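Step one of this worksheet: look at the structure below.
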Amino acid sequence: MQRMIDLLRNRTGVVVTVHIPDGMNADDATRALTDNVVLLCEQVSDPQRICLSVDGAACGQEVASDLASRFGMRQITAEKPLGKLQGARLGVDHLLDDPALEHVICVDQDGDHFANELLNMVRAAEAIREQARTDRITVLGQRSSMHRPMGFLRGELEELADRILLDALTYHAAVTGKPLRMEHAFTFGEYPDFHSGYKLFTRPVAEAVFRSAPNLANTSELCYYRHAVEAVMTVEALEAGAYFGVINRSTFNEQPVSAFGLMGRERFMADAIIWPCKRLDIPVTFVRQWLDNHLPRLLLDTFRPDGGNELQTIRQLVLEAWGEGDAPPSLMRAPFV
């Protein structure tokens with residue numbers, strides 16, 4: 001155990017992505033970020049291994065600079081806001097200049113990622129390293145409930161994106177002849193919580209994911225940098241040969257702050273499906289069928305008409321990316337349950 005503690009305290013870097021846009025309660029966001037920083041600093045021996053990476057000079061730089069000065073952390077700011085992925089790329093790249101780092105962990109600013117659970121992520125990574133004899137690992141901190149921290153609507157929508165991402169990864173593994181390594185990932189349910197914002201990357205994987213040229217896969221910058229962030233991190237890690245592990249993590253019963261309500265949620269969730277399917281060269285016939293497979297199982301469909309309409313809108317936006325936005329709506333209902 002002492003070796004694990006040493007790995008966390010002396011060989012692990014943490015990137016906190018910061019984005020406090022207009023419309024978000026700045027006081028609540030600052031309070032959550034400060035709580036995050038205080039607890040993270042308790043976990044590492046040198047606060048210089050923590051980087052606050054701000055996505056856009058007008059989106060929280062003043063708050064991040066103040067915290068970095070108070071606690072001795074690193075801080076970096078993108079001139080132009082593109083999205084959370086830009087913040088993660090800049091922050092991880094900055095930390096990787098330290099040759100001592102063996103792990104990098106990405107954490108959201110929202111205070112819903114408990115710092116005391118960093119050690120569990122490191123322990124999981126090291127267990128996989130020993131069992132699989134590899135230094136290419138990514139570990140996901142999976143929420144025990146999707147609905148309680150995020151609310152019913154977002155929980156349902158992220159389930160849809162997670163299920164389709166698993167379908168896409170499985171398809172890609174089959175056509176490339178590279179089996180999907182998930183023996184460390186299915187302990188807690190049918191599908192991993194891919195869109196959780198709490199992820200560990202071993203150094204070789206972090207270099208491949210965050211230092212490689214961006215692959216927009218013929219999607220927009222908005223799709224790649226802001227909407228499909230967690231899918232990008234997951235897919236590129238697995239494409240880099242990472243073994244995928246999952247640990248359970250705690251959340252608040254309601255997220256302290258969130259920018260989700262400031263985004264067009266149908267576009268957001270559609271893009272979270274579009275980018276990985278484009279990146280993995282999934283034919284539209286499969287994408288359409290996966291949507292039609294998973295839409296009926298969501299309880300959101302029982303909220304009529306709004307829930308059903310929202311799911312049909314997401315389906316249409318996804319299929320538009322393949323030129324099939326005028327496809328007939330999904331039937332969405334089995335004859336009996």
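By order of appearance in the structure tokens: chains A, B, ..., then residues from 1 within every chain, and ligands from 1 in the order shown.
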
A:Thr17 surroundings by only C-alpha atoms, 7 Å radius, close-in-sequence under 3 positions cut, as a PyMOL selection string: chain A and resi 52-54+84+87-88+107-109

As a tab-separated table (two decimals) with N, CA and C atoms, in the first residue's frame, please: the residues near A:Pro81 (cut-off 9 Å, only C-alpha atoms, same-chain neighbours under 5 positions excluded).
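Ended up saving to part-v6.tsv:
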```
chain	number	residue	atom	x	y	z
A	19	HIS	N	-13.98	26.02	-16.66
A	19	HIS	CA	-14.75	26.80	-17.62
A	19	HIS	C	-15.94	27.39	-16.86
A	54	VAL	N	-7.67	26.44	-17.95
A	54	VAL	CA	-8.86	27.26	-18.21
A	54	VAL	C	-9.13	27.31	-19.71
A	55	ASP	N	-10.35	27.00	-20.07
A	55	ASP	CA	-10.76	27.03	-21.48
A	55	ASP	C	-11.28	28.41	-21.82
A	56	GLY	N	-10.36	29.33	-22.10
A	56	GLY	CA	-10.75	30.68	-22.51
A	56	GLY	C	-10.48	31.71	-21.43
A	57	ALA	N	-9.79	32.78	-21.80
A	57	ALA	CA	-9.35	33.78	-20.83
A	57	ALA	C	-10.51	34.42	-20.07
A	58	ALA	N	-11.68	34.51	-20.70
A	58	ALA	CA	-12.82	35.14	-20.05
A	58	ALA	C	-13.71	34.16	-19.31
A	59	CYS	N	-13.24	32.91	-19.17
A	59	CYS	CA	-14.09	31.84	-18.63
A	59	CYS	C	-13.52	31.25	-17.34
A	86	GLN	N	-10.09	21.01	-25.05
A	86	GLN	CA	-8.94	21.89	-25.21
A	86	GLN	C	-8.24	22.10	-23.86
A	87	GLY	N	-9.03	22.32	-22.81
A	87	GLY	CA	-8.45	22.49	-21.49
A	87	GLY	C	-7.70	21.26	-21.04
```

Residue with smallest distance to A:Leu295 - pool A:His227, A:His184, A:Arg163, A:Arg143, counting only C-alpha atoms: A:Arg163

DSSP strand (DSSP E) selection over stretch 75-195 of chain A, as a ChimeraX atom specification: /A:75-77,103-108,137-143

Just write the chosen residues, C-alpha atoms, as a PDB file, in the first residue's frame.
```
ATOM      1  CA  GLN A  75      -2.207  27.262 -14.185  1.00  0.00           C
ATOM      2  CA  ILE A  76      -2.596  27.559 -17.938  1.00  0.00           C
ATOM      3  CA  THR A  77      -5.193  29.353 -20.041  1.00  0.00           C
ATOM      4  CA  HIS A 103      -0.176   8.782 -14.234  1.00  0.00           C
ATOM      5  CA  VAL A 104      -2.278  11.789 -15.188  1.00  0.00           C
ATOM      6  CA  ILE A 105      -5.836  12.137 -13.891  1.00  0.00           C
ATOM      7  CA  CYS A 106      -8.417  14.470 -15.431  1.00  0.00           C
ATOM      8  CA  VAL A 107     -10.981  15.932 -13.036  1.00  0.00           C
ATOM      9  CA  ASP A 108     -13.935  18.240 -13.669  1.00  0.00           C
ATOM     10  CA  ILE A 137      -3.945   1.703 -19.057  1.00  0.00           C
ATOM     11  CA  THR A 138      -6.878   4.034 -18.570  1.00  0.00           C
ATOM     12  CA  VAL A 139      -9.147   3.908 -15.523  1.00  0.00           C
ATOM     13  CA  LEU A 140     -12.638   5.363 -15.375  1.00  0.00           C
ATOM     14  CA  GLY A 141     -14.298   6.564 -12.188  1.00  0.00           C
ATOM     15  CA  GLN A 142     -17.854   5.273 -12.619  1.00  0.00           C
ATOM     16  CA  ARG A 143     -20.779   6.925 -10.872  1.00  0.00           C
TER      17      ARG A 143
END
```

Spatial neighbours of A:Gly72, 12 Å, only C-alpha atoms, chain gap at least 2 places, as a PyMOL selection string: chain A and resi 37-38+41+45-52+64-70+74-75

What would the file look like if the residues just selected were written as a short mmCIF file (atom, residue, chain, number, x, y, z; two decimals), in the first residue's frame with C-alpha atoms?
```
data_model
loop_
_atom_site.label_atom_id
_atom_site.label_comp_id
_atom_site.auth_asym_id
_atom_site.auth_seq_id
_atom_site.Cartn_x
_atom_site.Cartn_y
_atom_site.Cartn_z
CA VAL A 37 -8.41 22.34 -5.05
CA VAL A 38 -8.14 22.15 -1.26
CA CYS A 41 -3.68 19.41 -2.59
CA SER A 45 3.18 16.03 -2.13
CA ASP A 46 3.84 18.90 -4.55
CA PRO A 47 0.98 21.16 -5.71
CA GLN A 48 2.97 21.80 -8.90
CA ARG A 49 1.65 18.43 -10.04
CA ILE A 50 -1.85 19.94 -10.16
CA CYS A 51 -2.76 22.13 -13.13
CA LEU A 52 -5.83 24.32 -13.43
CA ALA A 64 -7.96 29.95 -11.44
CA SER A 65 -5.03 32.36 -11.21
CA ASP A 66 -6.00 33.34 -7.69
CA LEU A 67 -6.26 29.70 -6.58
CA ALA A 68 -2.98 28.78 -8.27
CA SER A 69 -1.25 31.63 -6.47
CA ARG A 70 -2.74 30.71 -3.10
CA ARG A 74 0.25 25.35 -12.07
CA GLN A 75 -2.21 27.26 -14.19
#
```

Shell of 8 Å around A:Pro276, only C-alpha atoms, local chain residues under 4 positions omitted, as an MDAnalysis selection string: chainID A and resid 165 168 228 231:232 235 272 280

Restricting the output to C-alpha atoms, write the selected residues as a PDB file, in the first residue's frame.
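Result went into again-v3.pdb, see below:
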```pdb
ATOM      1  CA  LEU A 165     -20.351   3.956 -27.629  1.00  0.00           C
ATOM      2  CA  ALA A 168     -19.313   1.201 -31.663  1.00  0.00           C
ATOM      3  CA  ALA A 228     -17.868  14.587 -27.407  1.00  0.00           C
ATOM      4  CA  ALA A 231     -15.920   9.870 -25.951  1.00  0.00           C
ATOM      5  CA  VAL A 232     -12.755  11.318 -27.493  1.00  0.00           C
ATOM      6  CA  VAL A 235     -11.783   6.113 -27.944  1.00  0.00           C
ATOM      7  CA  ALA A 272     -21.517  12.580 -28.205  1.00  0.00           C
ATOM      8  CA  LEU A 280     -14.496   4.449 -35.787  1.00  0.00           C
TER       9      LEU A 280
END
```

Within 12 Å of A:Asn116 using only C-alpha atoms, minus same-chain residues under 2 positions, as number ranges by chain: A: 5, 8-9, 36-44, 112-114, 118-122, 249-250

Top pick for closest residue to A:Ser196, considering A:Leu291, A:Leu160, A:Val284, A:Met146 and counting only C-alpha atoms: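 The closest residue to A:Ser196 is A:Met146.
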
Would you mind writing down, as a PDB file with C-alpha atoms, in the first residue's frame, each residue of stretch 36-75 of chain A that DSSP on the backbone assigns to alpha helix (DSSP H)?
```pdb
ATOM      1  CA  ASN A  36     -11.822  20.663  -5.227  1.00  0.00           C
ATOM      2  CA  VAL A  37      -8.414  22.338  -5.051  1.00  0.00           C
ATOM      3  CA  VAL A  38      -8.139  22.150  -1.261  1.00  0.00           C
ATOM      4  CA  LEU A  39      -8.834  18.415  -1.253  1.00  0.00           C
ATOM      5  CA  LEU A  40      -6.612  17.661  -4.241  1.00  0.00           C
ATOM      6  CA  CYS A  41      -3.682  19.411  -2.590  1.00  0.00           C
ATOM      7  CA  GLN A  61      -8.933  32.713 -15.571  1.00  0.00           C
ATOM      8  CA  GLU A  62      -9.101  35.191 -12.708  1.00  0.00           C
ATOM      9  CA  VAL A  63     -10.485  32.573 -10.322  1.00  0.00           C
ATOM     10  CA  ALA A  64      -7.963  29.948 -11.437  1.00  0.00           C
ATOM     11  CA  SER A  65      -5.028  32.356 -11.206  1.00  0.00           C
ATOM     12  CA  ASP A  66      -6.004  33.336  -7.687  1.00  0.00           C
ATOM     13  CA  LEU A  67      -6.261  29.699  -6.583  1.00  0.00           C
ATOM     14  CA  ALA A  68      -2.982  28.781  -8.273  1.00  0.00           C
ATOM     15  CA  SER A  69      -1.248  31.632  -6.474  1.00  0.00           C
ATOM     16  CA  ARG A  70      -2.745  30.711  -3.099  1.00  0.00           C
ATOM     17  CA  PHE A  71      -1.973  26.996  -3.305  1.00  0.00           C
TER      18      PHE A  71
END
```

Using only C-alpha atoms: which of A:Arg226, A:Met1, A:Glu236, A:Met73 has the shortest distance to A:Ala213: A:Glu236

Distance in Å - atom CA of A:Tyr225 versus atom CA of A:Phe186: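 It comes out at 27.7 Å.
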
Contacts of A:Leu222 within 10 Å, only C-alpha atoms, excl. fewer than 2 positions in-chain, as JSON, numbers by chain: {"A": [82, 83, 216, 219, 220, 224, 225, 226, 227, 228, 229, 267, 268, 271]}

Per-residue nearest contacts stretch 148-251 of chain A to stretch 305-329 of chain A, cut-off 12 Å, using only C-alpha atoms, as a Markdown table:
```
| residue | atom | partner | partner_atom | distance |
| --- | --- | --- | --- | --- |
| A:Phe152 | CA | A:Gly307 | CA | 10.8 |
| A:Leu153 | CA | A:Gly307 | CA | 8.3 |
| A:Arg154 | CA | A:Gly307 | CA | 11.3 |
| A:Glu156 | CA | A:Leu311 | CA | 9.8 |
| A:Leu157 | CA | A:Leu311 | CA | 8.3 |
| A:Glu158 | CA | A:Leu311 | CA | 11.8 |
| A:Leu160 | CA | A:Leu311 | CA | 9.5 |
| A:Ala161 | CA | A:Ile314 | CA | 10.5 |
| A:Ile164 | CA | A:Val318 | CA | 11.6 |
| A:Ala217 | CA | A:Ala321 | CA | 11.4 |
| A:Asn218 | CA | A:Ala321 | CA | 9.6 |
| A:Thr219 | CA | A:Ala321 | CA | 8.4 |
| A:Ser220 | CA | A:Ala321 | CA | 10.7 |
| A:Cys223 | CA | A:Ala321 | CA | 11.4 |
```

Counting only C-alpha atoms, the residue of A:Glu239, A:Glu183, A:Asp6, A:Glu221 that sits nearest A:Ile128: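 Nearest to A:Ile128: A:Glu183.
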
Point-to-point distance in Å for atom CA of A:Asn253 and atom CA of A:Asp22: 25.1 Å

Pick from A:Thr170, A:Thr134, A:Asn25, A:Asn248 nearest to A:Thr202, counting only C-alpha atoms: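 Between A:Thr170, A:Thr134, A:Asn25, A:Asn248, the residue approaching A:Thr202 most closely is A:Thr134.
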